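Peer 1: Pasting run.cif here (mmCIF, C-alpha atoms (C1' of nucleotides)):
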```cif
data_coords
loop_
_atom_site.group_PDB
_atom_site.id
_atom_site.type_symbol
_atom_site.label_atom_id
_atom_site.label_comp_id
_atom_site.auth_asym_id
_atom_site.auth_seq_id
_atom_site.Cartn_x
_atom_site.Cartn_y
_atom_site.Cartn_z
ATOM 1 C CA MET A 1 97.773 114.139 -86.464
ATOM 2 C CA LYS A 2 97.239 110.420 -85.966
ATOM 3 C CA ILE A 3 100.050 108.040 -86.969
ATOM 4 C CA ALA A 4 99.754 104.247 -86.882
ATOM 5 C CA THR A 5 102.128 101.310 -87.307
ATOM 6 C CA TRP A 6 101.031 97.791 -88.226
ATOM 7 C CA ASN A 7 102.891 94.640 -89.197
ATOM 8 C CA VAL A 8 100.097 93.200 -91.331
ATOM 9 C CA ASN A 9 101.816 89.890 -92.246
ATOM 10 C CA SER A 10 100.877 90.151 -95.956
ATOM 11 C CA ILE A 11 98.860 93.155 -97.169
ATOM 12 C CA ARG A 12 96.978 91.002 -99.693
ATOM 13 C CA ALA A 13 95.931 88.433 -97.090
ATOM 14 C CA ARG A 14 94.948 91.254 -94.689
ATOM 15 C CA LEU A 15 92.904 93.562 -96.934
ATOM 16 C CA SER A 16 89.582 92.489 -95.409
ATOM 17 C CA ARG A 17 90.914 93.571 -92.003
ATOM 18 C CA VAL A 18 92.877 96.647 -93.079
ATOM 19 C CA VAL A 19 90.194 98.466 -95.109
ATOM 20 C CA PRO A 20 87.516 98.495 -92.347
ATOM 21 C CA TRP A 21 90.234 99.381 -89.841
ATOM 22 C CA LEU A 22 91.198 102.464 -91.896
ATOM 23 C CA GLN A 23 87.519 103.455 -92.008
ATOM 24 C CA GLU A 24 87.200 103.046 -88.242
ATOM 25 C CA HIS A 25 90.317 105.003 -87.220
ATOM 26 C CA SER A 26 91.067 107.321 -90.186
ATOM 27 C CA PRO A 27 94.768 107.626 -89.311
ATOM 28 C CA ASP A 28 96.584 110.435 -91.121
ATOM 29 C CA VAL A 29 99.618 108.192 -91.644
ATOM 30 C CA VAL A 30 99.959 104.387 -91.583
ATOM 31 C CA CYS A 31 103.340 102.621 -91.555
ATOM 32 C CA LEU A 32 102.984 99.032 -92.740
ATOM 33 C CA GLN A 33 105.486 96.176 -92.429
ATOM 34 C CA GLU A 34 105.661 92.652 -93.885
ATOM 35 C CA THR A 35 103.591 93.562 -96.933
ATOM 36 C CA LYS A 36 105.103 90.496 -98.685
ATOM 37 C CA VAL A 37 104.461 91.696 -102.231
ATOM 38 C CA VAL A 38 106.355 93.216 -105.150
ATOM 39 C CA ASP A 39 105.511 96.853 -105.857
ATOM 40 C CA ASP A 40 103.447 96.331 -109.014
ATOM 41 C CA GLN A 41 101.206 93.794 -107.260
ATOM 42 C CA PHE A 42 100.556 95.942 -104.170
ATOM 43 C CA PRO A 43 96.756 96.467 -103.908
ATOM 44 C CA LYS A 44 96.977 100.242 -104.125
ATOM 45 C CA GLU A 45 93.563 101.015 -105.564
ATOM 46 C CA LEU A 46 91.455 99.735 -102.678
ATOM 47 C CA LEU A 47 93.521 101.787 -100.246
ATOM 48 C CA GLU A 48 93.602 104.865 -102.468
ATOM 49 C CA ASP A 49 89.803 104.637 -102.510
ATOM 50 C CA GLN A 50 89.972 105.195 -98.727
ATOM 51 C CA GLY A 51 91.681 108.520 -99.348
ATOM 52 C CA TYR A 52 95.338 107.576 -99.078
ATOM 53 C CA ASN A 53 98.500 108.383 -100.979
ATOM 54 C CA ILE A 54 100.720 105.307 -100.997
ATOM 55 C CA VAL A 55 104.451 104.705 -101.251
ATOM 56 C CA VAL A 56 105.672 101.095 -101.324
ATOM 57 C CA SER A 57 108.984 99.266 -101.132
ATOM 58 C CA GLY A 58 108.365 95.564 -101.445
ATOM 59 C CA GLN A 59 109.787 92.254 -102.619
ATOM 60 C CA LYS A 60 108.489 88.773 -103.377
ATOM 61 C CA THR A 61 107.372 86.614 -100.408
ATOM 62 C CA TYR A 62 109.262 88.325 -97.585
ATOM 63 C CA ASN A 63 109.594 91.686 -95.827
ATOM 64 C CA GLY A 64 108.252 94.796 -97.566
ATOM 65 C CA VAL A 65 107.194 98.164 -96.117
ATOM 66 C CA ALA A 66 104.756 100.879 -97.158
ATOM 67 C CA VAL A 67 103.479 104.246 -95.986
ATOM 68 C CA LEU A 68 99.892 105.433 -96.476
ATOM 69 C CA ALA A 69 99.016 109.063 -95.810
ATOM 70 C CA GLN A 70 96.083 111.412 -96.243
ATOM 71 C CA HIS A 71 98.695 114.128 -96.904
ATOM 72 C CA GLN A 72 101.630 114.455 -99.279
ATOM 73 C CA ILE A 73 104.453 111.972 -98.711
ATOM 74 C CA GLU A 74 107.814 113.611 -99.426
ATOM 75 C CA ASN A 75 111.560 112.879 -99.341
ATOM 76 C CA VAL A 76 111.142 109.107 -99.525
ATOM 77 C CA ILE A 77 114.133 106.945 -98.557
ATOM 78 C CA THR A 78 114.138 103.142 -98.990
ATOM 79 C CA GLU A 79 117.785 102.241 -98.424
ATOM 80 C CA LEU A 80 120.038 102.019 -95.390
ATOM 81 C CA PRO A 81 123.662 103.139 -95.647
ATOM 82 C CA ASP A 82 125.735 100.220 -96.935
ATOM 83 C CA GLY A 83 126.621 97.640 -94.346
ATOM 84 C CA SER A 84 129.225 94.899 -94.522
ATOM 85 C CA ASP A 85 126.885 93.073 -96.913
ATOM 86 C CA ALA A 86 126.609 95.336 -99.961
ATOM 87 C CA ASP A 87 124.201 92.873 -101.629
ATOM 88 C CA ASP A 88 121.502 93.595 -99.048
ATOM 89 C CA LYS A 89 118.253 93.632 -101.019
ATOM 90 C CA GLU A 90 115.840 93.164 -98.100
ATOM 91 C CA LYS A 91 113.089 95.790 -98.194
ATOM 92 C CA ARG A 92 112.749 96.843 -94.563
ATOM 93 C CA VAL A 93 113.023 100.641 -94.481
ATOM 94 C CA MET A 94 110.945 103.610 -95.511
ATOM 95 C CA GLY A 95 111.840 107.125 -94.454
ATOM 96 C CA CYS A 96 109.650 110.057 -95.456
ATOM 97 C CA CYS A 97 108.265 113.428 -94.437
ATOM 98 C CA VAL A 98 104.548 114.035 -93.882
ATOM 99 C CA GLU A 99 103.455 117.542 -92.826
ATOM 100 C CA ASP A 100 105.970 118.613 -90.148
ATOM 101 C CA PHE A 101 106.911 115.035 -89.169
ATOM 102 C CA MET A 102 110.091 113.223 -90.176
ATOM 103 C CA ILE A 103 109.018 109.572 -90.201
ATOM 104 C CA LEU A 104 111.064 106.390 -90.326
ATOM 105 C CA ASN A 105 109.196 103.104 -90.830
ATOM 106 C CA LEU A 106 111.262 100.010 -89.919
ATOM 107 C CA TYR A 107 110.924 96.254 -90.163
ATOM 108 C CA VAL A 108 113.901 95.162 -88.079
ATOM 109 C CA PRO A 109 115.281 91.680 -88.907
ATOM 110 C CA ASN A 110 113.910 88.946 -86.636
ATOM 111 C CA GLY A 111 117.316 87.512 -85.723
ATOM 112 C CA ARG A 112 115.961 83.956 -85.355
ATOM 113 C CA GLU A 113 118.135 82.931 -82.400
ATOM 114 C CA VAL A 114 120.808 84.525 -80.206
ATOM 115 C CA GLY A 115 124.162 83.729 -81.816
ATOM 116 C CA HIS A 116 122.694 82.881 -85.237
ATOM 117 C CA ASN A 117 124.065 84.622 -88.349
ATOM 118 C CA HIS A 118 120.730 86.445 -88.610
ATOM 119 C CA PHE A 119 121.200 87.696 -85.026
ATOM 120 C CA TYR A 120 124.467 89.441 -85.898
ATOM 121 C CA TYR A 121 122.902 90.761 -89.101
ATOM 122 C CA LYS A 122 120.160 92.271 -86.919
ATOM 123 C CA LEU A 123 122.667 94.007 -84.628
ATOM 124 C CA GLU A 124 124.631 95.370 -87.615
ATOM 125 C CA TRP A 125 121.378 96.473 -89.233
ATOM 126 C CA MET A 126 120.487 98.533 -86.151
ATOM 127 C CA LYS A 127 123.850 100.317 -86.403
ATOM 128 C CA ARG A 128 123.048 101.197 -90.023
ATOM 129 C CA VAL A 129 119.717 102.674 -88.896
ATOM 130 C CA ARG A 130 121.613 104.842 -86.422
ATOM 131 C CA GLN A 131 123.852 105.947 -89.304
ATOM 132 C CA LEU A 132 120.779 106.812 -91.414
ATOM 133 C CA LEU A 133 119.405 108.943 -88.574
ATOM 134 C CA GLU A 134 122.729 110.799 -88.312
ATOM 135 C CA GLU A 135 122.792 111.417 -92.070
ATOM 136 C CA SER A 136 119.183 112.289 -92.861
ATOM 137 C CA TYR A 137 117.250 113.193 -89.681
ATOM 138 C CA ASP A 138 117.320 116.158 -87.278
ATOM 139 C CA PRO A 139 116.707 115.342 -83.593
ATOM 140 C CA ASP A 140 115.499 118.943 -83.095
ATOM 141 C CA GLU A 141 112.552 118.306 -85.454
ATOM 142 C CA LYS A 142 109.453 116.166 -84.857
ATOM 143 C CA VAL A 143 110.979 112.741 -85.548
ATOM 144 C CA VAL A 144 108.935 109.538 -85.295
ATOM 145 C CA VAL A 145 110.754 106.213 -85.716
ATOM 146 C CA THR A 146 108.202 103.416 -85.722
ATOM 147 C CA GLY A 147 107.577 99.872 -86.902
ATOM 148 C CA ASP A 148 108.302 96.280 -85.922
ATOM 149 C CA PHE A 149 111.584 96.344 -83.997
ATOM 150 C CA ASN A 150 111.540 92.670 -82.996
ATOM 151 C CA ILE A 151 113.088 93.837 -79.678
ATOM 152 C CA THR A 152 111.568 94.340 -76.212
ATOM 153 C CA PHE A 153 112.801 97.257 -74.070
ATOM 154 C CA ASP A 154 112.723 95.400 -70.774
ATOM 155 C CA ASP A 155 110.885 92.593 -68.984
ATOM 156 C CA ARG A 156 107.730 94.694 -68.631
ATOM 157 C CA ASP A 157 107.313 93.993 -72.359
ATOM 158 C CA VAL A 158 107.488 90.205 -71.868
ATOM 159 C CA HIS A 159 104.619 87.989 -70.666
ATOM 160 C CA ASP A 160 107.014 85.330 -69.308
ATOM 161 C CA PRO A 161 110.410 86.936 -68.575
ATOM 162 C CA GLU A 162 111.902 83.672 -67.244
ATOM 163 C CA ARG A 163 111.103 81.780 -70.421
ATOM 164 C CA TYR A 164 112.451 84.599 -72.605
ATOM 165 C CA HIS A 165 115.541 85.367 -70.472
ATOM 166 C CA GLU A 166 118.371 86.260 -72.925
ATOM 167 C CA LYS A 167 116.325 84.708 -75.741
ATOM 168 C CA ILE A 168 115.672 86.284 -79.146
ATOM 169 C CA HIS A 169 113.740 89.614 -78.919
ATOM 170 C CA CYS A 170 114.812 89.923 -75.253
ATOM 171 C CA SER A 171 118.604 89.551 -75.196
ATOM 172 C CA THR A 172 120.962 92.167 -73.749
ATOM 173 C CA PRO A 173 122.750 92.831 -77.078
ATOM 174 C CA GLU A 174 119.429 93.519 -78.825
ATOM 175 C CA ARG A 175 118.225 95.808 -76.023
ATOM 176 C CA ASP A 176 121.578 97.614 -76.066
ATOM 177 C CA ALA A 177 121.207 98.101 -79.841
ATOM 178 C CA LEU A 178 117.783 99.672 -79.263
ATOM 179 C CA ARG A 179 119.178 101.974 -76.536
ATOM 180 C CA ASP A 180 122.013 102.978 -78.856
ATOM 181 C CA LEU A 181 119.488 103.935 -81.539
ATOM 182 C CA MET A 182 117.591 106.033 -79.018
ATOM 183 C CA SER A 183 120.722 107.928 -77.987
ATOM 184 C CA PHE A 184 120.128 109.888 -81.209
ATOM 185 C CA GLY A 185 117.577 111.722 -79.061
ATOM 186 C CA LEU A 186 114.545 109.444 -79.117
ATOM 187 C CA HIS A 187 112.107 108.405 -76.387
ATOM 188 C CA ASP A 188 109.728 105.449 -75.954
ATOM 189 C CA GLY A 189 106.405 107.119 -76.792
ATOM 190 C CA LEU A 190 104.157 104.534 -75.158
ATOM 191 C CA ARG A 191 105.912 104.882 -71.795
ATOM 192 C CA LYS A 192 105.007 108.576 -71.598
ATOM 193 C CA PHE A 193 101.443 107.417 -70.938
ATOM 194 C CA HIS A 194 101.747 103.849 -69.653
ATOM 195 C CA GLU A 195 104.360 102.853 -67.062
ATOM 196 C CA GLU A 196 102.788 99.484 -66.325
ATOM 197 C CA GLY A 197 103.953 96.190 -67.827
ATOM 198 C CA GLY A 198 101.759 93.714 -69.680
ATOM 199 C CA ILE A 199 101.198 95.840 -72.796
ATOM 200 C CA TYR A 200 101.946 93.710 -75.862
ATOM 201 C CA THR A 201 101.816 94.142 -79.641
ATOM 202 C CA TRP A 202 102.588 90.602 -80.869
ATOM 203 C CA TRP A 203 101.186 87.209 -79.923
ATOM 204 C CA ASP A 204 102.450 83.919 -81.375
ATOM 205 C CA TYR A 205 100.110 82.162 -83.823
ATOM 206 C CA LYS A 206 101.634 78.809 -82.943
ATOM 207 C CA THR A 207 100.846 78.753 -79.231
ATOM 208 C CA ARG A 208 97.567 80.634 -79.740
ATOM 209 C CA GLY A 209 99.008 83.038 -77.202
ATOM 210 C CA PHE A 210 96.495 85.824 -77.834
ATOM 211 C CA SER A 211 93.697 83.958 -76.035
ATOM 212 C CA ARG A 212 95.839 83.939 -72.871
ATOM 213 C CA ASP A 213 97.424 87.370 -73.581
ATOM 214 C CA GLU A 214 100.855 85.759 -73.833
ATOM 215 C CA GLY A 215 102.623 88.389 -75.916
ATOM 216 C CA LEU A 216 105.592 90.674 -76.380
ATOM 217 C CA ARG A 217 105.809 94.410 -76.985
ATOM 218 C CA ILE A 218 108.075 94.612 -80.045
ATOM 219 C CA ASP A 219 106.319 97.303 -82.124
ATOM 220 C CA HIS A 220 107.273 100.777 -80.976
ATOM 221 C CA PHE A 221 106.933 104.524 -81.403
ATOM 222 C CA LEU A 222 110.279 106.230 -80.799
ATOM 223 C CA MET A 223 109.964 110.015 -80.692
ATOM 224 C CA SER A 224 112.265 113.019 -80.592
ATOM 225 C CA GLN A 225 111.602 115.453 -77.719
ATOM 226 C CA LYS A 226 109.493 117.746 -79.954
ATOM 227 C CA ALA A 227 107.354 114.844 -81.149
ATOM 228 C CA LEU A 228 107.020 113.520 -77.593
ATOM 229 C CA ASP A 229 105.934 116.944 -76.319
ATOM 230 C CA ALA A 230 103.246 117.107 -79.019
ATOM 231 C CA CYS A 231 102.075 113.537 -78.384
ATOM 232 C CA ASP A 232 98.600 113.080 -76.805
ATOM 233 C CA SER A 233 98.355 109.301 -76.669
ATOM 234 C CA VAL A 234 99.960 106.016 -77.677
ATOM 235 C CA TRP A 235 97.884 102.867 -77.540
ATOM 236 C CA VAL A 236 97.679 99.308 -78.863
ATOM 237 C CA ASP A 237 94.528 98.356 -80.775
ATOM 238 C CA LYS A 238 94.151 94.805 -79.450
ATOM 239 C CA LYS A 239 90.746 94.512 -81.103
ATOM 240 C CA ALA A 240 92.507 94.320 -84.484
ATOM 241 C CA ARG A 241 94.447 91.233 -83.279
ATOM 242 C CA ASP A 242 91.180 89.429 -82.401
ATOM 243 C CA GLY A 243 88.572 87.847 -84.626
ATOM 244 C CA LYS A 244 88.849 86.287 -88.063
ATOM 245 C CA SER A 245 92.175 86.111 -89.966
ATOM 246 C CA PRO A 246 94.167 88.594 -87.897
ATOM 247 C CA SER A 247 97.827 89.475 -88.315
ATOM 248 C CA ASP A 248 99.992 88.175 -85.472
ATOM 249 C CA HIS A 249 100.701 91.853 -84.631
ATOM 250 C CA ALA A 250 98.260 94.466 -83.364
ATOM 251 C CA PRO A 251 98.471 98.029 -84.702
ATOM 252 C CA VAL A 252 99.827 100.794 -82.466
ATOM 253 C CA LEU A 253 98.422 104.316 -82.798
ATOM 254 C CA ALA A 254 99.878 107.651 -81.678
ATOM 255 C CA THR A 255 98.075 110.998 -81.716
ATOM 256 C CA PHE A 256 99.687 114.445 -81.740
ATOM 257 C CA ARG A 257 98.395 117.934 -80.927
ATOM 258 C "C1'" DA B 1 104.148 68.459 -75.535
ATOM 259 C "C1'" DT B 2 111.450 71.618 -77.603
ATOM 260 C "C1'" DG B 3 105.204 71.303 -79.972
ATOM 261 C "C1'" DG B 4 102.043 74.500 -82.113
ATOM 262 C "C1'" DT B 5 99.951 78.324 -86.793
ATOM 263 C "C1'" DT B 6 100.095 81.356 -90.658
ATOM 264 C "C1'" DG B 7 101.429 83.259 -95.426
ATOM 265 C "C1'" DG B 8 103.481 82.656 -99.839
ATOM 266 C "C1'" DA B 9 105.660 80.017 -102.457
ATOM 267 C "C1'" DG B 10 105.928 75.730 -105.417
ATOM 268 C "C1'" DC B 11 106.714 70.314 -103.314
ATOM 269 C "C1'" DC B 12 109.505 74.174 -97.843
ATOM 270 C "C1'" DC B 13 111.011 78.724 -95.920
ATOM 271 C "C1'" DA B 14 110.431 82.449 -92.569
ATOM 272 C "C1'" DA B 15 108.156 84.261 -88.772
#
```
Will you turn the file into structure tokens for me?
Peer 2:
Amino acid sequence: MKIATWNVNSIRARLSRVVPWLQEHSPDVVCLQETKVVDDQFPKELLEDQGYNIVVSGQKTYNGVAVLAQHQIENVITELPDGSDADDKEKRVMGCCVEDFMILNLYVPNGREVGHNHFYYKLEWMKRVRQLLEESYDPDEKVVVTGDFNITFDDRDVHDPERYHEKIHCSTPERDALRDLMSFGLHDGLRKFHEEGGIYTWWDYKTRGFSRDEGLRIDHFLMSQKALDACDSVWVDKKARDGKSPSDHAPVLATFR
DNA sequence: ATGGTTGGAGCCCAA
């Protein structure tokens, strides 16, 4: 079983990169974030032609998630438990089951800036994810929580820790929120295979940081013990971040025995 | 360089 996560930064703008990438890697499951399209305009047919079943949860302009799978996609969830803001219409979550995996695909709010309203929304949102795990997931099963977390674990995930010290994506409250989520019984899949720092999944368009490998690791594979035990590899496909019209995120792939 | 680029909207917002 090969599962991938990719913040594509618009599925319609990225089709010419996504379709050949599916052909190259043939992942069993792909969790997409920032699809940026309403459900009836999602370009399903081109992806179905590659052999995928597709479930989407999108909105106009912003956010949006989807799961593609070469197997049946069951028990789909697209809502978090209600937070303090009951009018929350942001499409950022897709839970589902594929084969013997319980999958949760997340696009965690960016947070904008430490102390900003969006920052506190992000922290509250993470608590609601924890609540969803408690309600609908079993830590004794093969659980994979993946997506764009917009949070680094520690300074190994940061190309310039001084510049990012207590800044957005790297602050102590965000990292604590991530640790709290993992206390459900989840582990950082990539670190099973790679202890070294300098592995990134996102590079800023604005500073053209990719050419100097100035990035952050903010896209993750969190795994229950059973999923971690079955996991063969976790790796970042930097090649997909290079070349013409890339997303600002690279895909991350995990394989399981 | 407190800047810069990208995508989707619609004459700016979010990342």
Peer 1: Using all atoms listed in the file, I'd like every residue of chain B that has an atom within 8 Å of chain A; please write them out as JSON, numbers by chain.
Peer 2: {"B": [4, 5, 6, 7, 8, 9, 14, 15]}
Peer 1: Just need the box for chain B, edges along x, y and z, holding every atom the file lists for it with 6 Å tacked onto each side, so centre and edge lengths in Å to one decimal, as AutoDock Vina command-line options.
Peer 2:
```
--center_x 105.7 --center_y 76.4 --center_z -90.5 --size_x 23.5 --size_y 27.8 --size_z 41.9
```
Peer 1: Quick check, in Å to one decimal: how far apart do CA of Gln59 in chain A and CA of Trp6 in chain A lie?
Peer 2: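 Answer for the CA of Gln59 in chain A to CA of Trp6 in chain A separation: 17.7 Å.
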Peer 1: For Ala250 in chain A, please output as JSON, numbers by chain all residues within 12 Å (counting all atoms listed in the file; exclusion window: fewer than 2 positions along the same chain).
Peer 2: {"A": [4, 5, 6, 7, 8, 9, 17, 18, 21, 32, 33, 147, 148, 199, 200, 201, 202, 203, 204, 210, 215, 216, 217, 218, 219, 220, 235, 236, 237, 238, 239, 240, 241, 242, 243, 246, 247, 248, 252, 253]}
Peer 1: State, in Å with one decimal place, the distance from CA of Glu45 in chain A to CA of Ala254 in chain A.
Peer 2: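 We find that CA of Glu45 in chain A and CA of Ala254 in chain A lie 25.6 Å from each other.
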Peer 1: Tell me which protein, DNA and RNA residues are within 7 Å of range 90-105 of chain A, counting all atoms listed in the file, leaving out same-chain ones fewer than 2 positions away, and put them as a list in words.
Peer 2: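 Non-adjacent residues within range: Cys31, Ser57, Gly58, Gln59, Asn63, Gly64, Val65, Ala66, His71, Gln72, Ile73, Glu74, Asn75, Val76, Ile77, Thr78, Glu79, Asp88, Tyr107, Val108, Lys142, Val143, Val144, Val145, Thr146 and Gly147 of chain A.
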Peer 1: For range 181-197 of chain A, where the input has fewer atoms than it should, I would like N, CA and C atoms rebuilt and written as a PDB file, in the frame of the given file.
Peer 2:
```
ATOM      1  N   LEU A 181     120.284 103.207 -80.557  1.00  0.00           N
ATOM      2  CA  LEU A 181     119.488 103.935 -81.539  1.00  0.00           C
ATOM      3  C   LEU A 181     118.839 105.155 -80.898  1.00  0.00           C
ATOM      4  N   MET A 182     118.328 104.966 -79.684  1.00  0.00           N
ATOM      5  CA  MET A 182     117.591 106.033 -79.018  1.00  0.00           C
ATOM      6  C   MET A 182     118.501 107.159 -78.533  1.00  0.00           C
ATOM      7  N   SER A 183     119.789 106.882 -78.420  1.00  0.00           N
ATOM      8  CA  SER A 183     120.722 107.928 -77.987  1.00  0.00           C
ATOM      9  C   SER A 183     120.856 109.026 -79.050  1.00  0.00           C
ATOM     10  N   PHE A 184     120.241 108.816 -80.208  1.00  0.00           N
ATOM     11  CA  PHE A 184     120.128 109.888 -81.209  1.00  0.00           C
ATOM     12  C   PHE A 184     119.278 111.038 -80.656  1.00  0.00           C
ATOM     13  N   GLY A 185     118.463 110.712 -79.660  1.00  0.00           N
ATOM     14  CA  GLY A 185     117.577 111.722 -79.061  1.00  0.00           C
ATOM     15  C   GLY A 185     116.121 111.304 -79.142  1.00  0.00           C
ATOM     16  N   LEU A 186     115.892 109.999 -78.988  1.00  0.00           N
ATOM     17  CA  LEU A 186     114.545 109.444 -79.117  1.00  0.00           C
ATOM     18  C   LEU A 186     114.061 108.881 -77.776  1.00  0.00           C
ATOM     19  N   HIS A 187     112.728 108.898 -77.614  1.00  0.00           N
ATOM     20  CA  HIS A 187     112.107 108.405 -76.387  1.00  0.00           C
ATOM     21  C   HIS A 187     111.039 107.377 -76.731  1.00  0.00           C
ATOM     22  N   ASP A 188     110.764 106.473 -75.786  1.00  0.00           N
ATOM     23  CA  ASP A 188     109.728 105.449 -75.954  1.00  0.00           C
ATOM     24  C   ASP A 188     108.369 106.104 -75.740  1.00  0.00           C
ATOM     25  N   GLY A 189     107.656 106.369 -76.853  1.00  0.00           N
ATOM     26  CA  GLY A 189     106.405 107.119 -76.792  1.00  0.00           C
ATOM     27  C   GLY A 189     105.360 106.493 -75.894  1.00  0.00           C
ATOM     28  N   LEU A 190     105.209 105.186 -75.949  1.00  0.00           N
ATOM     29  CA  LEU A 190     104.157 104.534 -75.158  1.00  0.00           C
ATOM     30  C   LEU A 190     104.367 104.747 -73.670  1.00  0.00           C
ATOM     31  N   ARG A 191     105.621 104.775 -73.237  1.00  0.00           N
ATOM     32  CA  ARG A 191     105.912 104.882 -71.795  1.00  0.00           C
ATOM     33  C   ARG A 191     105.635 106.269 -71.225  1.00  0.00           C
ATOM     34  N   LYS A 192     105.430 107.267 -72.105  1.00  0.00           N
ATOM     35  CA  LYS A 192     105.007 108.576 -71.598  1.00  0.00           C
ATOM     36  C   LYS A 192     103.643 108.468 -70.921  1.00  0.00           C
ATOM     37  N   PHE A 193     102.827 107.519 -71.401  1.00  0.00           N
ATOM     38  CA  PHE A 193     101.443 107.417 -70.938  1.00  0.00           C
ATOM     39  C   PHE A 193     101.172 106.159 -70.114  1.00  0.00           C
ATOM     40  N   HIS A 194     102.011 105.144 -70.300  1.00  0.00           N
ATOM     41  CA  HIS A 194     101.747 103.849 -69.653  1.00  0.00           C
ATOM     42  C   HIS A 194     103.040 103.311 -69.049  1.00  0.00           C
ATOM     43  N   GLU A 195     103.167 103.379 -67.726  1.00  0.00           N
ATOM     44  CA  GLU A 195     104.360 102.853 -67.062  1.00  0.00           C
ATOM     45  C   GLU A 195     104.236 101.363 -66.751  1.00  0.00           C
ATOM     46  N   GLU A 196     103.011 100.857 -66.762  1.00  0.00           N
ATOM     47  CA  GLU A 196     102.788  99.484 -66.325  1.00  0.00           C
ATOM     48  C   GLU A 196     103.264  98.461 -67.363  1.00  0.00           C
ATOM     49  N   GLY A 197     103.613  97.277 -66.913  1.00  0.00           N
ATOM     50  CA  GLY A 197     103.953  96.190 -67.827  1.00  0.00           C
ATOM     51  C   GLY A 197     102.699  95.523 -68.364  1.00  0.00           C
TER      52      GLY A 197
END
```
